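I have placed the structure first, in the form of structure tokens, so that the comments after it can refer back to it.
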Amino acid sequence: MKVFVVGSGGREHALTWSLSRSSQVKEIYSATTNAGILKLTTAAKVDAGNVGSIAEFAARERIDLVVIGPEQPLVDGLADALEARGIAVFGPSQSAARLEGSKLFSKEFMARHNIPTARYVVVDDAAAALKAVSAFGFPVVIKADGLAAGKGVVVAADEGEARQAVQDMLVDRKLGEAGKRLVIEECLVGRELSYLVFSDGKDFAAMPVAQDHKRAFDGDRGPNTGGMGAFSTPGLIDPELEAQIVKEIVAPSLEATRADGFPFRGVLYCGLMLTADGPKTLEYNVRFGDPETQAILRRLESDFAELALAVGRGELANCKPRWSNDTSTCVVMASAGYPGAYETGKVIHGLDAAEQVESVAVFHAGTKLNAASEVVTAGGRVLGVTARATNLEDATARAYEAVGKIEFEGLQFRRDIGKR
Ligand SMILES: Nc1ncnc2c1ncn2[C@@H]1O[C@H](COP(=O)(O)OP(=O)(O)O)[C@@H](O)[C@H]1O
Ligand SMILES: [Mg+2]
């Protein structure tokens, strides 16, 4: 198989790494400067942000399978453009990607199909927004309709914060067109859980649950980030709760995509709040999360290339994933200042030594090669140091042993990943 991986972060390095271990895969292509991905792939001369450019390249090079990591190309219709050329795709159609691309669309979808979610109203002017805000009371949740790279949701504690959010998103358009319409919704209380499945449009297969760590500092303090680490270990979810989530949310959501004419192929990520009133859907994502993917894929026993192809072709029934009972821990190493402003171009030392620690894989997020072919930092989140072992203590200890071998100026990481 010739495979193309779209995307350039830690999630995509983990996808590439998984594909590279398959005996079915002859060559992998990418369009990125990520040094970790580049080491495993052939650089494709395409415009990475352009659907037509990727689709033409894939057709010309006779690519068998395209694995799409991030949401933007899915929302832009990359899967459709590839399918029109007869190329198998791991990732949903543009219609299905609206589940993530528009909060308004996804709320209406949930309402139409009786999928448990927070009560909401949709507004497109400030007066209506403030009226809705006071009707719900505080705290209240204000969401920009469109994609906003994790910056589109405000949980407002009081009227002042709510007014500010409405002003920023709807009036001042700080998120651009994404804030043209807002969803105002009831604030749910409970523990959050992400539940991910592979779906081929007919069947689905669950992934093991991962615990992520979104705050910048130890003890879940500090600002929100894209994710500072994750671990996945058996028993993170109670089987009864899992059965309830599948019955009340996952199965009806996937059934509803068929009923609405956009059978879902790819990864459906259900962001859930476990309320006293049962699990409720906060949002859908239409792709893997980052860095949970890094932890989850380390537990996959089956061949990821075969699995991704089966998802793309609607053949998941014959190719269910097998998962290990091992544990994996992923510790993110970030640039000083992240999630705020940070410098780049710092030389990274010790990558080889880190990868020599037993069962460690270092997934690159924001890295690139400099003119001297050294690996340097090129983003806020730089590396996802991921280890696997038979239990959480060992996986976590190995991950931190490898972290200890890596150096770059100003590095920061949490010391409490996987140490619940
Ligand atoms: N209705 C809600 N009640 C309470 N918290 C919420 C609600 N909706 C979202 N949140 C919080 O905001 C975060 C981001 O919201 P989400 O819908 O996942 O949007 P996105 O991931 O696109 O930014 C959630 O992870 C959760 O912590
Ligand atoms: Mg979310």
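Lettering and numbering for the structure tokens are positional, with chains as A, B, ... in the shown order, residues counted from 1 in each chain, and ligands counted from 1 in the shown order.
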Surroundings of ligand 1 up to 10 Å, based on only C-alpha atoms and all ligand atoms, as a PyMOL selection string: chain A and resi 100-103+117-120+139-156+183-194+214+224+226+270-273+275+280-285+289
Quick one: residues within 10 Å of A:Thr390, only C-alpha atoms counted, chain neighbours fewer than 6 positions away excluded, as a ChimeraX atom specification? /A:233,324-328
Selection above as a file: C-alpha atoms, as a tab-separated table (two decimals), in the first residue's frame:
```
chain	number	residue	atom	x	y	z
A	233	THR	CA	-5.01	1.89	30.98
A	324	SER	CA	-3.55	-4.67	24.39
A	325	ASN	CA	-4.16	-4.83	28.13
A	326	ASP	CA	-0.96	-2.87	28.57
A	327	THR	CA	-0.91	0.74	29.70
A	328	SER	CA	0.55	3.68	27.80
```
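Residues in contact range of A:Gly261, defined as at most 12 Å between only C-alpha atoms, with sequence neighbours fewer than 2 positions away removed, read Ser93, Gln94, Ser95, Ala96, Gly201, Leu254, Glu255, Ala256, Thr257, Arg258, Ala259, Pro263 and Phe264 of chain A.
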Surrounding residues of stretch 248-250 of chain A excluding itself and chain neighbours under 6 positions, 10 Å, only C-alpha atoms, as a list of chain:residue names: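 Skipping anything fewer than 6 positions along the chain leaves A:Met110, A:Asn114, A:Ile115, A:Pro116, A:Thr117, A:Tyr195, A:Leu196, A:Val197, A:Phe204, A:Ala206, A:Glu242, A:Ala256, A:Leu268, A:Tyr269, A:Cys270, A:Leu272, A:Gly278, A:Pro279, A:Lys280, A:Thr281.
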Where in stretch 251-404 of chain A does DSSP assign strand (DSSP E or B), given as an MDAnalysis selection string? chainID A and resid 265:275 278:285 300 323 327:334 347 349 360:364 367:369 375:377 381:389
Go ahead and write the selection's residues with N, CA and C atoms as a short mmCIF file (atom, residue, chain, number, x, y, z; two decimals), in the first residue's frame.
```
data_model
loop_
_atom_site.label_atom_id
_atom_site.label_comp_id
_atom_site.auth_asym_id
_atom_site.auth_seq_id
_atom_site.Cartn_x
_atom_site.Cartn_y
_atom_site.Cartn_z
N ARG A 265 -17.88 7.73 8.39
CA ARG A 265 -16.67 6.91 8.25
C ARG A 265 -15.49 7.62 8.85
N GLY A 266 -14.80 6.93 9.75
CA GLY A 266 -13.63 7.55 10.36
C GLY A 266 -13.70 7.39 11.86
N VAL A 267 -13.20 8.38 12.57
CA VAL A 267 -13.21 8.36 14.03
C VAL A 267 -14.29 9.32 14.52
N LEU A 268 -15.27 8.80 15.23
CA LEU A 268 -16.24 9.67 15.89
C LEU A 268 -15.82 9.79 17.36
N TYR A 269 -15.60 11.03 17.75
CA TYR A 269 -15.12 11.35 19.10
C TYR A 269 -16.27 12.05 19.81
N CYS A 270 -16.81 11.40 20.82
CA CYS A 270 -17.93 12.00 21.57
C CYS A 270 -17.37 12.63 22.83
N GLY A 271 -17.48 13.94 22.94
CA GLY A 271 -17.08 14.65 24.16
C GLY A 271 -18.27 14.65 25.09
N LEU A 272 -18.13 14.02 26.25
CA LEU A 272 -19.29 13.77 27.12
C LEU A 272 -19.14 14.43 28.48
N MET A 273 -20.28 14.78 29.06
CA MET A 273 -20.32 15.16 30.47
C MET A 273 -21.16 14.11 31.18
N LEU A 274 -20.57 13.52 32.22
CA LEU A 274 -21.29 12.49 32.98
C LEU A 274 -22.07 13.20 34.09
N THR A 275 -23.32 13.52 33.81
CA THR A 275 -24.12 14.30 34.76
C THR A 275 -24.91 13.35 35.66
N GLY A 278 -27.32 11.30 33.84
CA GLY A 278 -26.80 10.43 32.78
C GLY A 278 -25.82 11.15 31.89
N PRO A 279 -25.13 10.40 31.00
CA PRO A 279 -24.16 11.02 30.10
C PRO A 279 -24.83 11.93 29.07
N LYS A 280 -24.24 13.10 28.85
CA LYS A 280 -24.76 14.02 27.83
C LYS A 280 -23.61 14.43 26.91
N THR A 281 -23.97 14.68 25.66
CA THR A 281 -22.96 15.02 24.65
C THR A 281 -22.66 16.51 24.69
N LEU A 282 -21.41 16.85 24.93
CA LEU A 282 -20.99 18.25 24.85
C LEU A 282 -20.70 18.62 23.41
N GLU A 283 -20.09 17.70 22.68
CA GLU A 283 -19.71 17.97 21.29
C GLU A 283 -19.30 16.68 20.62
N TYR A 284 -19.25 16.74 19.30
CA TYR A 284 -18.60 15.69 18.51
C TYR A 284 -17.34 16.26 17.91
N ASN A 285 -16.29 15.42 17.85
CA ASN A 285 -15.19 15.71 16.95
C ASN A 285 -15.20 14.60 15.91
N LEU A 300 -2.83 -0.39 20.41
CA LEU A 300 -3.44 -1.12 19.30
C LEU A 300 -2.55 -2.30 18.93
N TRP A 323 -6.96 -4.79 21.01
CA TRP A 323 -6.25 -3.87 21.90
C TRP A 323 -5.48 -4.63 22.95
N THR A 327 -0.62 -0.68 29.46
CA THR A 327 -0.91 0.74 29.70
C THR A 327 0.06 1.58 28.88
N SER A 328 -0.38 2.75 28.45
CA SER A 328 0.55 3.68 27.80
C SER A 328 0.41 5.05 28.45
N THR A 329 1.53 5.73 28.52
CA THR A 329 1.56 7.08 29.07
C THR A 329 2.29 8.00 28.09
N CYS A 330 1.68 9.14 27.82
CA CYS A 330 2.30 10.13 26.92
C CYS A 330 2.50 11.44 27.68
N VAL A 331 3.74 11.87 27.79
CA VAL A 331 4.06 13.14 28.45
C VAL A 331 4.46 14.16 27.38
N VAL A 332 3.76 15.29 27.35
CA VAL A 332 4.05 16.32 26.36
C VAL A 332 5.16 17.24 26.88
N MET A 333 6.15 17.49 26.04
CA MET A 333 7.18 18.48 26.36
C MET A 333 6.89 19.70 25.49
N ALA A 334 6.79 20.86 26.15
CA ALA A 334 6.35 22.08 25.46
C ALA A 334 7.40 23.18 25.58
N VAL A 347 17.45 24.05 19.61
CA VAL A 347 17.94 22.72 19.23
C VAL A 347 17.53 21.70 20.30
N HIS A 349 18.11 18.15 22.07
CA HIS A 349 19.14 17.14 22.28
C HIS A 349 18.54 15.91 22.96
N VAL A 360 9.73 2.94 24.46
CA VAL A 360 9.41 4.37 24.33
C VAL A 360 9.38 4.77 22.85
N ALA A 361 8.39 5.55 22.48
CA ALA A 361 8.36 6.20 21.17
C ALA A 361 8.18 7.69 21.41
N VAL A 362 9.01 8.49 20.76
CA VAL A 362 8.91 9.94 20.91
C VAL A 362 8.20 10.50 19.69
N PHE A 363 6.98 10.98 19.89
CA PHE A 363 6.22 11.54 18.78
C PHE A 363 6.46 13.04 18.71
N HIS A 364 6.82 13.50 17.53
CA HIS A 364 7.09 14.93 17.34
C HIS A 364 5.80 15.69 17.09
N THR A 367 8.13 20.28 15.65
CA THR A 367 9.58 20.22 15.40
C THR A 367 9.83 20.42 13.92
N LYS A 368 11.06 20.78 13.59
CA LYS A 368 11.49 20.76 12.19
C LYS A 368 13.01 20.63 12.15
N LEU A 369 13.55 20.48 10.96
CA LEU A 369 15.00 20.43 10.79
C LEU A 369 15.49 21.82 10.44
N VAL A 375 17.36 18.78 14.71
CA VAL A 375 15.94 18.88 15.05
C VAL A 375 15.76 20.05 16.02
N VAL A 376 14.89 20.99 15.64
CA VAL A 376 14.67 22.16 16.49
C VAL A 376 13.18 22.32 16.79
N THR A 377 12.88 23.10 17.84
CA THR A 377 11.48 23.34 18.19
C THR A 377 10.83 24.24 17.15
N ARG A 381 3.57 22.93 21.61
CA ARG A 381 3.80 21.55 22.04
C ARG A 381 4.85 20.97 21.11
N VAL A 382 5.90 20.42 21.68
CA VAL A 382 7.06 20.03 20.88
C VAL A 382 7.13 18.52 20.68
N LEU A 383 7.01 17.76 21.77
CA LEU A 383 7.16 16.30 21.70
C LEU A 383 6.10 15.63 22.57
N GLY A 384 5.73 14.42 22.20
CA GLY A 384 4.89 13.57 23.05
C GLY A 384 5.67 12.29 23.34
N VAL A 385 6.25 12.22 24.53
CA VAL A 385 7.10 11.08 24.87
C VAL A 385 6.20 9.99 25.43
N THR A 386 6.16 8.85 24.72
CA THR A 386 5.12 7.85 24.97
C THR A 386 5.74 6.50 25.29
N ALA A 387 5.33 5.90 26.40
CA ALA A 387 5.87 4.60 26.80
C ALA A 387 4.73 3.62 27.03
N ARG A 388 5.06 2.35 26.89
CA ARG A 388 4.08 1.29 27.09
C ARG A 388 4.66 0.28 28.07
N ALA A 389 3.83 -0.24 28.98
CA ALA A 389 4.27 -1.26 29.92
C ALA A 389 3.06 -2.02 30.42
#
```
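When atom CA of A:Glu315 is paired with atom CA of A:Asp203, their separation reads 8.4 Å.
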Using only C-alpha atoms and all ligand atoms, which residue out of A:Gly345, A:Gly227, A:Gly219, A:Gly7 lies closest to ligand 2?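 Among A:Gly345, A:Gly227, A:Gly219, A:Gly7, it is A:Gly227 that comes nearest to ligand 2.
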Polymer residues at most 7 Å from stretch 24-41 of chain A, only C-alpha atoms, same-chain spacing of 5 or more positions, as a list in words: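 Once the nearby chain positions are removed, what remains is Met1, Lys2, Val3, Phe4, Val5, Val6, Ser8, His13, Thr16, Leu19, Val46, Ala48, Phe363, His364, Ala365, Gly366, Thr367, Lys368, Leu369 and Val375 of chain A.
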As number ranges by chain, please: all residues of stretch 318-377 of chain A that backbone DSSP puts in alpha helix (DSSP H). A: 351-355
